[in-house]
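Structure data follow from run.pdb (PDB, C-alpha atoms):
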ATOM      1  CA  MET N   1      -3.252 -25.152 -12.834
ATOM      2  CA  HIS N   2      -2.888 -22.067 -10.640
ATOM      3  CA  ARG N   3      -4.665 -18.794  -9.900
ATOM      4  CA  SER N   4      -3.570 -15.163  -9.684
ATOM      5  CA  ARG N   5      -4.979 -11.642  -9.435
ATOM      6  CA  LEU N   6      -3.890  -8.021  -9.158
ATOM      7  CA  VAL N   7      -3.652  -7.417  -5.421
ATOM      8  CA  GLY N   8      -1.904  -4.104  -4.908
ATOM      9  CA  ILE N   9      -0.744  -0.754  -6.149
ATOM     10  CA  LEU N  10       2.549   0.425  -4.691
ATOM     11  CA  ILE N  11       3.768   4.000  -4.818
ATOM     12  CA  ASP N  12       7.564   3.709  -4.713
ATOM     13  CA  ALA N  13       9.314   6.763  -3.272
ATOM     14  CA  PRO N  14      12.943   7.405  -2.368
ATOM     15  CA  ALA N  15      13.397   6.461   1.295
ATOM     16  CA  SER N  16      14.178  10.075   2.243
ATOM     17  CA  GLN N  17      10.854  11.237   0.739
ATOM     18  CA  ALA N  18       8.592   8.302   1.645
ATOM     19  CA  GLY N  19       7.065  10.009   4.689
ATOM     20  CA  ALA N  20       6.108  13.103   2.707
ATOM     21  CA  ALA N  21       4.791  10.912  -0.112
ATOM     22  CA  ALA N  22       2.654   8.917   2.338
ATOM     23  CA  ASP N  23       1.278  12.139   3.859
ATOM     24  CA  PHE N  24       0.462  13.487   0.396
ATOM     25  CA  TRP N  25      -1.289  10.340  -0.852
ATOM     26  CA  SER N  26      -3.169   9.918   2.420
ATOM     27  CA  ALA N  27      -4.570  13.445   2.096
ATOM     28  CA  ALA N  28      -5.094  13.218  -1.670
ATOM     29  CA  LEU N  29      -7.057   9.958  -1.412
ATOM     30  CA  GLY N  30      -8.811  10.817   1.851
ATOM     31  CA  VAL N  31      -7.648   7.705   3.690
ATOM     32  CA  PRO N  32      -5.542   7.149   6.803
ATOM     33  CA  ALA N  33      -1.882   6.222   6.512
ATOM     34  CA  HIS N  34      -0.258   3.813   8.954
ATOM     35  CA  PRO N  35       2.969   1.813   9.048
ATOM     36  CA  ALA N  36       2.778  -1.861   8.093
ATOM     37  CA  PRO N  37       3.565  -3.892  11.232
ATOM     38  CA  GLY N  38       7.031  -5.399  10.991
ATOM     39  CA  GLN N  39       7.682  -3.913   7.534
ATOM     40  CA  GLU N  40       8.842  -0.347   8.100
ATOM     41  CA  GLN N  41       9.423   0.318   4.390
ATOM     42  CA  PHE N  42       5.631   0.192   3.788
ATOM     43  CA  THR N  43       3.023   2.788   4.751
ATOM     44  CA  VAL N  44      -0.489   1.438   4.195
ATOM     45  CA  LEU N  45      -3.161   3.687   2.689
ATOM     46  CA  ALA N  46      -6.095   1.644   3.971
ATOM     47  CA  GLY N  47      -9.248   1.683   1.874
ATOM     48  CA  ALA N  48      -7.834   3.698  -1.044
ATOM     49  CA  VAL N  49      -8.915   1.090  -3.616
ATOM     50  CA  PRO N  50     -11.510  -1.550  -2.671
ATOM     51  CA  ASP N  51     -10.144  -5.125  -2.666
ATOM     52  CA  LEU N  52      -6.602  -3.903  -3.420
ATOM     53  CA  PHE N  53      -3.963  -2.777  -0.994
ATOM     54  CA  THR N  54      -2.402   0.593  -1.657
ATOM     55  CA  VAL N  55       0.881   1.480   0.027
ATOM     56  CA  VAL N  56       3.792   3.882  -0.177
ATOM     57  CA  GLN N  57       7.027   1.895  -0.292
ATOM     58  CA  ALA N  58      10.387   3.416   0.647
ATOM     59  CA  VAL N  59      12.957   2.297  -1.929
ATOM     60  CA  ASP N  60      16.731   2.553  -1.782
ATOM     61  CA  ASP N  61      17.389   3.109  -5.482
ATOM     62  CA  GLY N  62      15.887   6.621  -5.438
ATOM     63  CA  ALA N  63      13.554   5.931  -8.365
ATOM     64  CA  PRO N  64      10.022   7.280  -7.876
ATOM     65  CA  ARG N  65       7.549   5.101  -9.738
ATOM     66  CA  TYR N  66       4.439   2.966  -9.381
ATOM     67  CA  HIS N  67       4.323  -0.801  -9.559
ATOM     68  CA  VAL N  68       1.707  -3.494  -9.122
ATOM     69  CA  ASP N  69       1.695  -6.730  -7.163
ATOM     70  CA  ILE N  70       0.129  -9.906  -8.503
ATOM     71  CA  GLU N  71      -0.764 -12.479  -5.863
ATOM     72  CA  THR N  72      -0.822 -16.170  -6.669
ATOM     73  CA  ASP N  73      -1.311 -19.552  -5.100
ATOM     74  CA  ASP N  74       1.730 -20.894  -7.045
ATOM     75  CA  LEU N  75       4.717 -18.528  -7.235
ATOM     76  CA  ALA N  76       6.821 -20.643  -9.594
ATOM     77  CA  ALA N  77       3.954 -21.196 -12.039
ATOM     78  CA  GLU N  78       2.993 -17.506 -12.114
ATOM     79  CA  VAL N  79       6.597 -16.341 -12.589
ATOM     80  CA  ALA N  80       6.956 -18.883 -15.423
ATOM     81  CA  ARG N  81       3.679 -17.714 -16.999
ATOM     82  CA  LEU N  82       4.707 -14.050 -16.899
ATOM     83  CA  THR N  83       8.247 -14.669 -18.153
ATOM     84  CA  GLY N  84       6.668 -16.694 -20.958
ATOM     85  CA  LEU N  85       4.710 -13.550 -21.835
ATOM     86  CA  GLY N  86       7.945 -11.545 -22.066
ATOM     87  CA  ALA N  87       8.662 -10.342 -18.513
ATOM     88  CA  GLU N  88      12.255 -10.532 -17.322
ATOM     89  CA  PRO N  89      13.330 -11.484 -13.795
ATOM     90  CA  VAL N  90      14.937  -8.620 -11.853
ATOM     91  CA  SER N  91      15.306  -9.836  -8.267
ATOM     92  CA  SER N  92      13.645 -11.685  -5.435
ATOM     93  CA  TRP N  93      13.207 -10.865  -1.760
ATOM     94  CA  LEU N  94      11.625 -13.288   0.688
ATOM     95  CA  ASP N  95       8.667 -14.698  -1.285
ATOM     96  CA  ALA N  96       8.401 -11.702  -3.668
ATOM     97  CA  HIS N  97       9.709 -11.986  -7.231
ATOM     98  CA  THR N  98      10.305  -8.693  -9.066
ATOM     99  CA  LEU N  99       9.915  -8.788 -12.825
ATOM    100  CA  ARG N 100      10.231  -6.152 -15.555
ATOM    101  CA  ALA N 101       7.377  -6.255 -18.055
ATOM    102  CA  PRO N 102       7.816  -5.366 -21.716
ATOM    103  CA  GLY N 103       7.774  -1.578 -21.730
ATOM    104  CA  GLY N 104       9.970  -1.408 -18.632
ATOM    105  CA  HIS N 105       7.396  -1.422 -15.817
ATOM    106  CA  LEU N 106       8.120  -3.354 -12.639
ATOM    107  CA  LEU N 107       5.743  -5.829 -11.047
ATOM    108  CA  CYS N 108       6.042  -8.207  -8.136
ATOM    109  CA  VAL N 109       4.652 -11.724  -7.880
ATOM    110  CA  VAL N 110       3.749 -12.483  -4.263
ATOM    111  CA  PRO N 111       1.956 -15.206  -2.297
ATOM    112  CA  VAL N 112      -1.745 -14.743  -1.593
ATOM    113  CA  HIS N 113      -2.243 -11.818   0.826
ATOM    114  CA  SER N 114      -5.962 -11.168   0.431
ATOM    115  CA  LYS N 115      -8.805 -12.837   2.258
ATOM    116  CA  PRO N 116      -9.472 -16.331   0.901
ATOM    117  CA  GLU N 117     -12.978 -15.385  -0.260
ATOM    118  CA  THR N 118     -11.670 -12.299  -2.105
ATOM    119  CA  PHE N 119      -8.965 -14.318  -3.826
ATOM    120  CA  ALA N 120     -11.390 -17.101  -4.753
ATOM    121  CA  ALA N 121     -13.922 -14.639  -6.175
ATOM    122  CA  SER N 122     -11.560 -12.573  -8.325
ATOM    123  CA  ALA N 123      -8.511 -14.668  -9.238
ATOM    124  CA  HIS N 124      -8.015 -15.909 -12.776
ATOM    125  CA  THR N 125      -7.348 -19.611 -13.261
ATOM    126  CA  TRP N 126      -4.438 -20.468 -15.556
ATOM    127  CA  PRO N 127      -3.624 -23.826 -17.138
TER     128      PRO N 127
END
Represent the structure contained in this file as structure tokens.
Amino acid sequence: MHRSRLVGILIDAPASQAGAAADFWSAALGVPAHPAPGQEQFTVLAGAVPDLFTVVQAVDDGAPRYHVDIETDDLAAEVARLTGLGAEPVSSWLDAHTLRAPGGHLLCVVPVHSKPETFAASAHTWP
């Protein structure tokens, strides 16, 4: 048995345009933008969506898109659950597993990032 929940919305922008994208989304959503400490590819848009993180991510493949992150207390079980539903593995980086959902959308499965009480209150429990 494990738990998971939607934890983030990521706005992927080509690395050369990530700064302008972060400035735009910061102004459009009325929230401050600041770099994620130690992870220069992420610009955090703090408070854009309650209980979810929202960031602009600089990507090297030049493909502008949106993707979601699902946090879980058991990475292997959640990846297995989602691949069982039809997602296909794409890559992994550190503890993040990128999958492609049916329909072509990307998602990442990541370890729990939210506050323990937030995760406990909103995560789904899976057999």
Handout entry: Point-to-point distance from atom CA of Val112 of chain N to atom CA of Pro35 of chain N, Å rounded to tenths
Key = 20.2 Å
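The interatomic distance for the pair atom CA of Cys108 of chain N and atom CA of Ala33 of chain N works out to 22.0 Å.
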Exercise for the section: List, as a list in words, every residue that the PyMOL selection byres ((chain N and resi 71-77) around 9) selects in the file provided. Expected result: Met1, His2, Arg3, Ser4, Arg5, Leu6, Val7, Gly8, Asp69, Ile70, Glu78, Val79, Ala80, Arg81, Leu82, Asp95, Ala96, His97, Cys108, Val109, Val110, Pro111, Val112, His113, Ser114, Phe119 and Ala123 of chain N
Output of the PyMOL selection byres ((chain N and resi 59) around 6), listed as a PDB file with C-alpha atoms, in the frame of the given file:
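Resulting contents of part_25.pdb:
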ATOM      1  CA  ALA N  13       9.314   6.763  -3.272  1.00  0.00           C
ATOM      2  CA  PRO N  14      12.943   7.405  -2.368  1.00  0.00           C
ATOM      3  CA  ALA N  15      13.397   6.461   1.295  1.00  0.00           C
ATOM      4  CA  ALA N  58      10.387   3.416   0.647  1.00  0.00           C
ATOM      5  CA  ASP N  60      16.731   2.553  -1.782  1.00  0.00           C
ATOM      6  CA  ASP N  61      17.389   3.109  -5.482  1.00  0.00           C
TER       7      ASP N  61
END
Practice task
Please provide the set of residues having any atom within 10 Å of Val31 of chain N, restricted to only C-alpha atoms, with same-chain residues fewer than 6 positions apart removed, written as an MDAnalysis selection string.
Solution key: chainID N and resid 23 25 44:49
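Taking atom CA of Pro37 of chain N and atom CA of Gln57 of chain N as endpoints, the distance between them is 13.4 Å.
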What are the centre and the three edge lengths of an axis-aligned box that wraps all atoms of segment 56-71 of chain N in the file, given that 5 Å is added to every side, written as lines of an AutoDock Vina configuration file and rounded to one decimal in Å?
center_x = 8.3
center_y = -2.6
center_z = -4.5
size_x = 28.2
size_y = 29.8
size_z = 20.4
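Each of N:Leu107, N:Ala101, N:Leu85, N:Ile9 was compared to Asp51 of chain N using all atoms listed in the file, and N:Ile9 turns out to be the nearest.
Closest approach to Ile11 of chain N among N:Ala36, N:Ala28, N:Val90, N:Val55: N:Val55, based on only C-alpha atoms.
Using only C-alpha atoms, the shortest contact distance between Thr98 of chain N and any of N:His124, N:His34, N:His67, N:Lys115 is found at N:His67.
Closest approach to Leu29 of chain N from the set N:Gln41, N:Thr54, N:Ser91, N:Gln17 is made by N:Thr54, with distances taken over all atoms listed in the file.
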Completion step: segment 46-76 of chain N with N, CA and C atoms as a PDB file, keeping the file's coordinate frame:
ATOM      1  N   ALA N  46      -4.960   2.559   3.830  1.00  0.00           N
ATOM      2  CA  ALA N  46      -6.095   1.644   3.971  1.00  0.00           C
ATOM      3  C   ALA N  46      -7.362   2.187   3.322  1.00  0.00           C
ATOM      4  N   GLY N  47      -7.970   1.340   2.485  1.00  0.00           N
ATOM      5  CA  GLY N  47      -9.248   1.683   1.874  1.00  0.00           C
ATOM      6  C   GLY N  47      -9.158   2.550   0.633  1.00  0.00           C
ATOM      7  N   ALA N  48      -7.965   2.823   0.123  1.00  0.00           N
ATOM      8  CA  ALA N  48      -7.834   3.698  -1.044  1.00  0.00           C
ATOM      9  C   ALA N  48      -8.483   3.090  -2.291  1.00  0.00           C
ATOM     10  N   VAL N  49      -8.321   1.793  -2.477  1.00  0.00           N
ATOM     11  CA  VAL N  49      -8.915   1.090  -3.616  1.00  0.00           C
ATOM     12  C   VAL N  49      -9.555  -0.187  -3.069  1.00  0.00           C
ATOM     13  N   PRO N  50     -10.862  -0.349  -3.207  1.00  0.00           N
ATOM     14  CA  PRO N  50     -11.510  -1.550  -2.671  1.00  0.00           C
ATOM     15  C   PRO N  50     -10.885  -2.836  -3.221  1.00  0.00           C
ATOM     16  N   ASP N  51     -10.684  -3.801  -2.353  1.00  0.00           N
ATOM     17  CA  ASP N  51     -10.144  -5.125  -2.666  1.00  0.00           C
ATOM     18  C   ASP N  51      -8.701  -5.123  -3.153  1.00  0.00           C
ATOM     19  N   LEU N  52      -8.032  -3.979  -3.109  1.00  0.00           N
ATOM     20  CA  LEU N  52      -6.602  -3.903  -3.420  1.00  0.00           C
ATOM     21  C   LEU N  52      -5.918  -3.188  -2.276  1.00  0.00           C
ATOM     22  N   PHE N  53      -4.687  -3.582  -1.967  1.00  0.00           N
ATOM     23  CA  PHE N  53      -3.963  -2.777  -0.994  1.00  0.00           C
ATOM     24  C   PHE N  53      -3.235  -1.678  -1.746  1.00  0.00           C
ATOM     25  N   THR N  54      -3.114  -0.548  -1.104  1.00  0.00           N
ATOM     26  CA  THR N  54      -2.402   0.593  -1.657  1.00  0.00           C
ATOM     27  C   THR N  54      -1.425   1.053  -0.591  1.00  0.00           C
ATOM     28  N   VAL N  55      -0.149   1.109  -0.936  1.00  0.00           N
ATOM     29  CA  VAL N  55       0.881   1.480   0.027  1.00  0.00           C
ATOM     30  C   VAL N  55       1.911   2.393  -0.616  1.00  0.00           C
ATOM     31  N   VAL N  56       2.580   3.173   0.227  1.00  0.00           N
ATOM     32  CA  VAL N  56       3.792   3.882  -0.177  1.00  0.00           C
ATOM     33  C   VAL N  56       4.941   3.013   0.295  1.00  0.00           C
ATOM     34  N   GLN N  57       5.870   2.731  -0.606  1.00  0.00           N
ATOM     35  CA  GLN N  57       7.027   1.895  -0.292  1.00  0.00           C
ATOM     36  C   GLN N  57       8.294   2.729  -0.400  1.00  0.00           C
ATOM     37  N   ALA N  58       9.085   2.754   0.679  1.00  0.00           N
ATOM     38  CA  ALA N  58      10.387   3.416   0.647  1.00  0.00           C
ATOM     39  C   ALA N  58      11.359   2.521  -0.107  1.00  0.00           C
ATOM     40  N   VAL N  59      12.004   3.073  -1.127  1.00  0.00           N
ATOM     41  CA  VAL N  59      12.957   2.297  -1.929  1.00  0.00           C
ATOM     42  C   VAL N  59      14.343   2.928  -1.836  1.00  0.00           C
ATOM     43  N   ASP N  60      15.360   2.088  -1.920  1.00  0.00           N
ATOM     44  CA  ASP N  60      16.731   2.553  -1.782  1.00  0.00           C
ATOM     45  C   ASP N  60      17.339   3.070  -3.073  1.00  0.00           C
ATOM     46  N   ASP N  61      16.752   2.717  -4.220  1.00  0.00           N
ATOM     47  CA  ASP N  61      17.389   3.109  -5.482  1.00  0.00           C
ATOM     48  C   ASP N  61      17.035   4.531  -5.911  1.00  0.00           C
ATOM     49  N   GLY N  62      16.196   5.222  -5.160  1.00  0.00           N
ATOM     50  CA  GLY N  62      15.887   6.621  -5.438  1.00  0.00           C
ATOM     51  C   GLY N  62      14.994   6.847  -6.639  1.00  0.00           C
ATOM     52  N   ALA N  63      14.373   5.798  -7.168  1.00  0.00           N
ATOM     53  CA  ALA N  63      13.554   5.931  -8.365  1.00  0.00           C
ATOM     54  C   ALA N  63      12.069   6.012  -7.997  1.00  0.00           C
ATOM     55  N   PRO N  64      11.460   7.197  -8.116  1.00  0.00           N
ATOM     56  CA  PRO N  64      10.022   7.280  -7.876  1.00  0.00           C
ATOM     57  C   PRO N  64       9.271   6.624  -9.032  1.00  0.00           C
ATOM     58  N   ARG N  65       8.299   5.815  -8.709  1.00  0.00           N
ATOM     59  CA  ARG N  65       7.549   5.101  -9.738  1.00  0.00           C
ATOM     60  C   ARG N  65       6.344   4.442  -9.077  1.00  0.00           C
ATOM     61  N   TYR N  66       5.532   3.797  -9.866  1.00  0.00           N
ATOM     62  CA  TYR N  66       4.439   2.966  -9.381  1.00  0.00           C
ATOM     63  C   TYR N  66       4.708   1.547  -9.857  1.00  0.00           C
ATOM     64  N   HIS N  67       4.278   0.578  -9.076  1.00  0.00           N
ATOM     65  CA  HIS N  67       4.323  -0.801  -9.559  1.00  0.00           C
ATOM     66  C   HIS N  67       3.133  -1.555  -8.990  1.00  0.00           C
ATOM     67  N   VAL N  68       2.836  -2.691  -9.578  1.00  0.00           N
ATOM     68  CA  VAL N  68       1.707  -3.494  -9.122  1.00  0.00           C
ATOM     69  C   VAL N  68       2.224  -4.813  -8.566  1.00  0.00           C
ATOM     70  N   ASP N  69       1.426  -5.394  -7.678  1.00  0.00           N
ATOM     71  CA  ASP N  69       1.695  -6.730  -7.163  1.00  0.00           C
ATOM     72  C   ASP N  69       0.622  -7.670  -7.686  1.00  0.00           C
ATOM     73  N   ILE N  70       1.043  -8.848  -8.097  1.00  0.00           N
ATOM     74  CA  ILE N  70       0.129  -9.906  -8.503  1.00  0.00           C
ATOM     75  C   ILE N  70       0.282 -11.020  -7.482  1.00  0.00           C
ATOM     76  N   GLU N  71      -0.821 -11.389  -6.834  1.00  0.00           N
ATOM     77  CA  GLU N  71      -0.764 -12.479  -5.863  1.00  0.00           C
ATOM     78  C   GLU N  71      -1.160 -13.777  -6.538  1.00  0.00           C
ATOM     79  N   THR N  72      -0.581 -14.870  -6.045  1.00  0.00           N
ATOM     80  CA  THR N  72      -0.822 -16.170  -6.669  1.00  0.00           C
ATOM     81  C   THR N  72      -0.735 -17.285  -5.640  1.00  0.00           C
ATOM     82  N   ASP N  73      -1.409 -18.372  -5.959  1.00  0.00           N
ATOM     83  CA  ASP N  73      -1.311 -19.552  -5.100  1.00  0.00           C
ATOM     84  C   ASP N  73      -0.187 -20.486  -5.551  1.00  0.00           C
ATOM     85  N   ASP N  74       0.575 -20.107  -6.588  1.00  0.00           N
ATOM     86  CA  ASP N  74       1.730 -20.894  -7.045  1.00  0.00           C
ATOM     87  C   ASP N  74       2.770 -19.941  -7.635  1.00  0.00           C
ATOM     88  N   LEU N  75       3.718 -19.521  -6.806  1.00  0.00           N
ATOM     89  CA  LEU N  75       4.717 -18.528  -7.235  1.00  0.00           C
ATOM     90  C   LEU N  75       5.490 -18.967  -8.473  1.00  0.00           C
ATOM     91  N   ALA N  76       6.002 -20.174  -8.470  1.00  0.00           N
ATOM     92  CA  ALA N  76       6.821 -20.643  -9.594  1.00  0.00           C
ATOM     93  C   ALA N  76       6.022 -20.663 -10.893  1.00  0.00           C
TER      94      ALA N  76
END
